[in-house]
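K.L.:
Hey, dropping target_32.cif in here, mmCIF, C-alpha atoms:
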data_my_file
#
loop_
_atom_site.label_atom_id
_atom_site.label_comp_id
_atom_site.auth_asym_id
_atom_site.auth_seq_id
_atom_site.Cartn_x
_atom_site.Cartn_y
_atom_site.Cartn_z
CA MET A 1 0.00 0.00 0.00
CA GLU A 2 1.22 3.48 -0.91
CA ILE A 3 0.20 6.52 1.14
CA ILE A 4 0.45 9.85 -0.66
CA VAL A 5 0.24 13.04 1.40
CA GLY A 6 -0.54 16.26 -0.44
CA LYS A 7 2.30 18.76 -0.60
CA THR A 8 -0.15 21.55 0.23
CA ALA A 9 -1.95 19.69 3.02
CA GLY A 10 -2.35 21.53 6.31
CA PHE A 11 -1.81 25.02 7.68
CA CYS A 12 -1.73 27.89 5.24
CA TYR A 13 0.25 31.05 6.03
CA GLY A 14 -2.69 32.93 7.57
CA VAL A 15 -3.71 30.07 9.86
CA LYS A 16 -0.14 29.32 10.96
CA ARG A 17 0.37 33.01 11.77
CA ALA A 18 -2.84 33.14 13.82
CA VAL A 19 -2.30 29.91 15.76
CA GLU A 20 1.37 30.49 16.57
CA GLY A 21 0.64 34.09 17.50
CA ALA A 22 -2.21 33.08 19.80
CA LYS A 23 -0.06 30.49 21.57
CA LYS A 24 2.63 33.09 22.20
CA VAL A 25 0.12 35.60 23.61
CA VAL A 26 -1.53 33.02 25.88
CA LYS A 27 1.81 31.91 27.30
CA GLU A 28 2.89 35.48 28.02
CA SER A 29 -0.39 36.95 29.33
CA GLU A 30 -3.32 36.21 31.61
CA ASN A 31 -7.03 36.50 30.76
CA VAL A 32 -6.65 36.10 26.98
CA TYR A 33 -9.83 35.77 24.97
CA GLY A 34 -10.48 34.54 21.46
CA LEU A 35 -13.40 36.05 19.54
CA GLY A 36 -14.87 32.99 17.85
CA GLU A 37 -12.86 29.89 16.92
CA ILE A 38 -9.43 31.11 15.89
CA VAL A 39 -9.57 28.56 13.06
CA HIS A 40 -12.11 25.90 12.17
CA ASN A 41 -10.40 22.96 13.86
CA LYS A 42 -11.55 21.49 17.18
CA ASP A 43 -8.13 20.05 18.04
CA VAL A 44 -6.45 23.44 17.64
CA VAL A 45 -9.16 25.18 19.67
CA LYS A 46 -8.91 22.55 22.43
CA GLN A 47 -5.13 22.93 22.57
CA LEU A 48 -5.46 26.70 23.05
CA GLU A 49 -8.14 26.22 25.70
CA ASN A 50 -5.77 23.92 27.58
CA LEU A 51 -3.17 26.69 27.49
CA GLY A 52 -5.69 29.03 29.14
CA MET A 53 -7.40 30.84 26.27
CA HIS A 54 -11.10 31.67 26.69
CA PHE A 55 -13.25 31.54 23.56
CA ILE A 56 -16.22 33.90 23.34
CA GLU A 57 -18.78 34.76 20.65
CA ASP A 58 -19.49 38.36 21.64
CA ILE A 59 -16.89 41.10 22.19
CA ARG A 60 -18.93 42.29 25.19
CA GLU A 61 -17.90 39.10 27.02
CA ALA A 62 -14.20 40.02 26.83
CA LYS A 63 -12.42 40.96 30.07
CA GLY A 64 -8.87 41.10 28.80
CA LYS A 65 -6.73 40.93 25.67
CA THR A 66 -8.82 39.60 22.79
CA ILE A 67 -7.46 37.81 19.75
CA ILE A 68 -9.19 38.24 16.41
CA ARG A 69 -9.40 35.02 14.44
CA ALA A 70 -7.89 34.41 11.01
CA HIS A 71 -11.30 34.83 9.33
CA GLY A 72 -11.65 38.42 10.50
CA ILE A 73 -14.53 40.30 12.11
CA PRO A 74 -17.12 42.92 11.10
CA LYS A 75 -16.09 46.57 11.17
CA GLN A 76 -18.49 47.36 14.02
CA VAL A 77 -16.73 44.91 16.36
CA TYR A 78 -13.56 47.03 16.16
CA GLN A 79 -15.67 50.05 17.07
CA GLU A 80 -17.31 48.23 19.99
CA ALA A 81 -13.93 47.11 21.34
CA GLU A 82 -12.58 50.66 21.15
CA LYS A 83 -15.57 51.97 23.10
CA LYS A 84 -15.02 49.39 25.83
CA GLN A 85 -11.25 49.93 25.75
CA ILE A 86 -10.60 46.25 24.98
CA GLU A 87 -7.12 45.52 23.65
CA LEU A 88 -7.42 43.67 20.35
CA ILE A 89 -4.66 41.51 18.92
CA ASP A 90 -5.51 41.17 15.26
CA TYR A 91 -4.58 37.91 13.55
CA THR A 92 -6.96 38.35 10.64
CA CYS A 93 -5.35 36.81 7.57
CA PRO A 94 -3.65 39.59 5.53
CA LYS A 95 -5.44 38.34 2.41
CA VAL A 96 -8.80 38.80 4.13
CA LEU A 97 -7.83 42.30 5.23
CA LYS A 98 -6.96 43.10 1.61
CA ILE A 99 -10.47 42.05 0.54
CA HIS A 100 -11.92 44.36 3.21
CA GLU A 101 -9.90 47.23 1.71
CA ILE A 102 -11.08 46.42 -1.82
CA ALA A 103 -14.73 46.15 -0.77
CA GLU A 104 -14.65 49.41 1.18
CA GLU A 105 -12.92 51.33 -1.63
CA TYR A 106 -15.35 50.19 -4.32
CA ALA A 107 -18.40 50.68 -2.08
CA LYS A 108 -17.34 54.30 -1.50
CA ASN A 109 -17.04 54.75 -5.27
CA GLY A 110 -20.64 53.69 -5.84
CA TYR A 111 -20.22 50.09 -6.94
CA TYR A 112 -22.76 47.36 -6.29
CA ILE A 113 -20.85 44.37 -4.85
CA PHE A 114 -21.42 40.68 -5.52
CA LEU A 115 -19.63 38.61 -2.86
CA LEU A 116 -19.16 34.92 -3.65
CA GLY A 117 -19.13 32.62 -0.63
CA ASN A 118 -21.05 31.08 2.26
CA ARG A 119 -23.24 33.78 3.82
CA LYS A 120 -22.95 32.13 7.27
CA HIS A 121 -19.15 31.92 7.21
CA PRO A 122 -17.31 34.34 9.56
CA GLU A 123 -15.16 35.66 6.73
CA ILE A 124 -18.20 36.59 4.64
CA ILE A 125 -19.96 38.15 7.65
CA GLY A 126 -16.89 40.29 8.28
CA THR A 127 -16.41 41.28 4.64
CA LEU A 128 -20.06 42.26 4.21
CA SER A 129 -19.59 45.02 6.77
CA TYR A 130 -17.20 46.73 4.33
CA CYS A 131 -19.46 46.41 1.28
CA GLY A 132 -21.84 49.27 2.03
CA GLU A 133 -25.59 48.96 1.46
CA ASN A 134 -25.57 47.63 -2.10
CA LYS A 135 -24.38 44.04 -1.88
CA PHE A 136 -25.48 40.49 -2.67
CA VAL A 137 -24.02 37.18 -1.49
CA ILE A 138 -23.81 34.51 -4.19
CA GLU A 139 -23.40 31.07 -2.64
CA LYS A 140 -23.96 28.90 -5.72
CA GLU A 141 -24.32 29.19 -9.47
CA GLU A 142 -28.11 29.58 -9.50
CA ASP A 143 -27.86 32.62 -7.21
CA ALA A 144 -26.10 34.61 -9.93
CA LEU A 145 -29.21 35.32 -12.01
CA LYS A 146 -31.13 36.47 -8.93
CA ALA A 147 -28.24 38.77 -8.04
CA LEU A 148 -28.32 40.27 -11.55
CA GLU A 149 -32.06 40.91 -11.23
CA VAL A 150 -31.52 42.77 -7.95
CA LEU A 151 -28.68 44.78 -9.51
CA GLU A 152 -30.87 45.79 -12.46
CA LYS A 153 -33.63 47.04 -10.15
CA SER A 154 -31.11 49.12 -8.20
CA GLU A 155 -30.24 51.05 -11.40
CA ILE A 156 -26.59 51.13 -10.29
CA LYS A 157 -24.27 51.04 -13.29
CA LYS A 158 -21.09 49.76 -11.67
CA LEU A 159 -20.48 46.22 -10.38
CA LEU A 160 -17.63 44.65 -8.42
CA VAL A 161 -17.36 40.86 -8.07
CA ILE A 162 -15.15 39.45 -5.29
CA SER A 163 -15.11 36.21 -3.30
CA GLN A 164 -14.35 34.47 -0.05
CA THR A 165 -10.67 33.46 0.08
CA THR A 166 -11.61 29.76 0.31
CA TYR A 167 -14.34 29.71 -2.36
CA SER A 168 -14.43 26.98 -5.00
CA LEU A 169 -12.28 28.00 -7.97
CA GLU A 170 -14.51 25.97 -10.33
CA LYS A 171 -17.67 27.73 -9.10
CA PHE A 172 -15.97 31.12 -9.33
CA TYR A 173 -15.23 30.62 -13.03
CA ILE A 174 -18.75 29.35 -13.75
CA ILE A 175 -20.36 32.33 -12.00
CA GLU A 176 -17.94 34.70 -13.70
CA GLU A 177 -19.13 33.44 -17.09
CA ILE A 178 -22.81 33.73 -16.11
CA ILE A 179 -22.30 37.34 -15.03
CA LYS A 180 -20.32 38.26 -18.16
CA ASN A 181 -22.93 36.69 -20.44
CA GLU A 182 -26.03 38.05 -18.71
CA LEU A 183 -24.95 41.46 -17.45
CA SER A 184 -26.38 44.49 -19.19
CA ARG A 185 -23.76 46.04 -21.50
CA ASP A 186 -24.22 49.50 -20.01
CA ILE A 187 -22.92 48.36 -16.61
CA GLU A 188 -19.22 48.73 -15.79
CA LEU A 189 -17.89 45.37 -14.55
CA VAL A 190 -14.86 44.75 -12.34
CA ILE A 191 -14.07 41.14 -11.38
CA LYS A 192 -11.35 40.41 -8.84
CA ASN A 193 -10.50 36.79 -8.11
CA THR A 194 -9.81 37.11 -4.38
CA ILE A 195 -9.56 33.36 -3.78
CA CYS A 196 -6.33 32.75 -1.89
CA GLN A 197 -3.58 31.31 -4.11
CA ALA A 198 -2.89 28.61 -1.50
CA THR A 199 -6.55 27.59 -1.75
CA GLU A 200 -6.32 27.40 -5.55
CA ILE A 201 -3.18 25.25 -5.45
CA ARG A 202 -4.63 22.94 -2.78
CA GLN A 203 -7.85 22.44 -4.75
CA LYS A 204 -5.93 21.66 -7.93
CA GLU A 205 -3.65 19.20 -6.13
CA THR A 206 -6.68 17.49 -4.58
CA GLU A 207 -8.26 17.12 -8.00
CA GLU A 208 -5.14 15.58 -9.52
CA MET A 209 -4.46 13.28 -6.56
CA SER A 210 -8.03 12.00 -6.36
CA LYS A 211 -7.80 10.79 -9.97
CA LYS A 212 -4.79 8.58 -9.17
CA VAL A 213 -5.72 6.86 -5.88
CA ASP A 214 -8.17 4.18 -4.72
CA CYS A 215 -9.16 6.08 -1.59
CA MET A 216 -8.97 9.74 -0.58
CA ILE A 217 -8.92 10.87 3.03
CA ILE A 218 -9.72 14.52 3.68
CA ILE A 219 -8.73 15.81 7.14
CA GLY A 220 -10.22 18.94 8.68
CA GLY A 221 -12.96 20.53 10.73
CA ARG A 222 -16.51 19.75 9.64
CA ASN A 223 -17.27 23.47 9.81
CA SER A 224 -14.25 24.32 7.67
CA SER A 225 -15.35 25.79 4.35
CA ASN A 226 -12.10 25.08 2.50
CA THR A 227 -11.99 21.46 3.76
CA LYS A 228 -15.54 20.78 2.59
CA LYS A 229 -14.58 21.97 -0.87
CA LEU A 230 -11.63 19.54 -0.96
CA TYR A 231 -14.05 16.74 -0.08
CA ASP A 232 -16.43 17.79 -2.87
CA ILE A 233 -13.60 17.93 -5.40
CA ALA A 234 -12.26 14.50 -4.39
CA LYS A 235 -15.73 12.92 -4.65
CA GLN A 236 -15.91 13.92 -8.31
CA ASN A 237 -12.89 11.76 -9.12
CA CYS A 238 -12.57 8.97 -6.55
CA LYS A 239 -15.05 6.26 -5.54
CA MET A 240 -14.01 6.15 -1.88
CA VAL A 241 -13.62 9.52 -0.16
CA ILE A 242 -13.57 9.82 3.64
CA PHE A 243 -13.93 13.10 5.55
CA ILE A 244 -12.46 12.98 9.08
CA GLU A 245 -11.50 15.51 11.73
CA ASN A 246 -8.70 13.38 13.20
CA GLU A 247 -7.25 9.86 13.27
CA LYS A 248 -9.81 8.67 15.85
CA GLU A 249 -12.50 8.70 13.15
CA ILE A 250 -10.68 6.31 10.81
CA ASN A 251 -12.27 2.89 10.37
CA LEU A 252 -9.42 0.71 9.08
CA ASP A 253 -11.75 -2.21 8.33
CA ALA A 254 -13.93 -0.03 6.15
CA ILE A 255 -10.92 1.17 4.18
CA GLY A 256 -9.42 -2.27 3.78
CA ARG A 257 -6.31 -2.86 1.73
CA LYS A 258 -5.92 -0.31 -1.04
CA ASP A 259 -3.05 0.07 -3.48
CA LYS A 260 -2.98 3.84 -3.15
CA ILE A 261 -4.42 6.12 -0.46
CA GLY A 262 -4.30 9.87 -0.90
CA ILE A 263 -4.37 12.31 2.02
CA MET A 264 -5.26 15.95 1.80
CA ALA A 265 -5.94 18.32 4.69
CA GLY A 266 -7.66 21.68 4.96
CA ALA A 267 -5.89 24.95 5.72
CA SER A 268 -6.81 24.72 9.43
CA THR A 269 -5.44 21.21 9.97
CA PRO A 270 -2.19 20.98 11.98
CA GLU A 271 0.70 18.83 10.75
CA GLU A 272 0.42 16.71 13.89
CA SER A 273 -3.08 15.58 12.87
CA ILE A 274 -1.85 14.54 9.43
CA LYS A 275 1.03 12.52 10.92
CA LYS A 276 -1.34 10.69 13.29
CA VAL A 277 -3.57 9.71 10.36
CA VAL A 278 -0.58 8.39 8.38
CA SER A 279 0.60 6.44 11.44
CA LYS A 280 -2.81 4.81 11.94
CA LEU A 281 -3.09 3.89 8.26
CA GLY A 282 0.28 2.15 8.60
CA LYS A 283 -1.46 -0.46 10.74
CA ILE A 284 -3.25 -1.74 7.65
CA ILE A 285 0.13 -2.85 6.33
CA ASP A 286 1.02 -4.49 9.65
#
As structure tokens, how would this structure be written, given the file I've shared?
P.N.:
Amino acid sequence: MEIIVGKTAGFCYGVKRAVEGAKKVVKESENVYGLGEIVHNKDVVKQLENLGMHFIEDIREAKGKTIIRAHGIPKQVYQEAEKKQIELIDYTCPKVLKIHEIAEEYAKNGYYIFLLGNRKHPEIIGTLSYCGENKFVIEKEEDALKALEVLEKSEIKKLLVISQTTYSLEKFYIIEEIIKNELSRDIELVIKNTICQATEIRQKETEEMSKKVDCMIIIGGRNSSNTKKLYDIAKQNCKMVIFIENEKEINLDAIGRKDKIGIMAGASTPEESIKKVVSKLGKIID
């Protein structure tokens, strides 16, 4: 049996920066709070809790230094923290912050904004606060036509299209084509592919790997948007695809003996989790 681990599996730059930074702050300070899960991975969150970090969902619950997660927060939360004199330590991914800047700039210049992504995801919730009043979240391909209808009724003649950093590259291109084909010719169109390059590379590697193996194992949090997309991509090309959060969820009997097993992990999955999965799979050989 051959086990192939994706070269891009695991922590991306933004997640690594946030997690390592949070660990350093917790070790050096008392009463450290995290506003929401710092990343979508239960093992990482549990590890930080064991170090003494308190996770909260509302900035009003904070009673000390408060770390902002990699996904970012809405603009009004910064304002609320300033009012309450809460010290914020911002570990929002720099790529997410760049999207906030783009959204705010174009909103001020009168553009309607289409934001591609999961409307319930923290990153989208944060980004929406920078998009002004004229905005529409497109989650899937069929939402694009509805968005164009709303835009037409607004009579706004300028449109910006951006996306969540972890959005599906395939869906982005499909929606881009729908918008280009259906948009009224008198509307100025600006499309910025704001999907993180690391996300693009990881999705492409998952696609290629899943075509060459007998079983794909995707490791990551069940509430992780980018990990779910890896699972969806793998399922298009491989008959057996397993989505797990850690090695405890692996059923070796169900996997059986396979010639090739591919492993890919989401951007919030620590290297330690990947190694534990590889170690457990080694027992099939034994």
K.L.:
In file coordinates, which residues lie within 9 Å of (-25.0, 35.6, -12.4) using all atoms listed in the file, given as number ranges by chain?
P.N.:
A: 138, 141-149, 174-183
K.L.:
Kindly assemble as CSV a list of the segment 34-111 of chain A residues that lie within 9 Å of segment 238-247 of chain A, each paired with its nearest atom pair and their distance in Å to one decimal, using only C-alpha atoms, sorted first by chain and then by ascending residue number.
P.N.:
residue,atom,partner,partner_atom,distance
A:Asn41,CA,A:Glu245,CA,7.8
A:Lys42,CA,A:Glu245,CA,8.1
A:Asp43,CA,A:Asn246,CA,8.3
K.L.:
Using all atoms listed in the file, can you tell me which of A:Lys260, A:Arg69, A:Lys171, A:His100 comes closest to Ile56 of chain A?
P.N.:
A:Arg69
K.L.:
For each of A:Tyr91, A:Tyr78, A:Phe55, A:Tyr111, take the minimum atom-to-atom distance to Lys16 of chain A, counting all atoms listed in the file, then give the residue where this is smallest.
P.N.:
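Of the candidates, the smallest distance to Lys16 of chain A is held by A:Tyr91.
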K.L.:
Need to verify the contact set: Gly256 of chain A, 12 Å, all atoms listed in the file, exclusion of same-chain residues closer than 2 positions in sequence. Can you return it as a PyMOL selection string?
P.N.:
chain A and resi 1+214-215+240+250-254+258-261+281-285
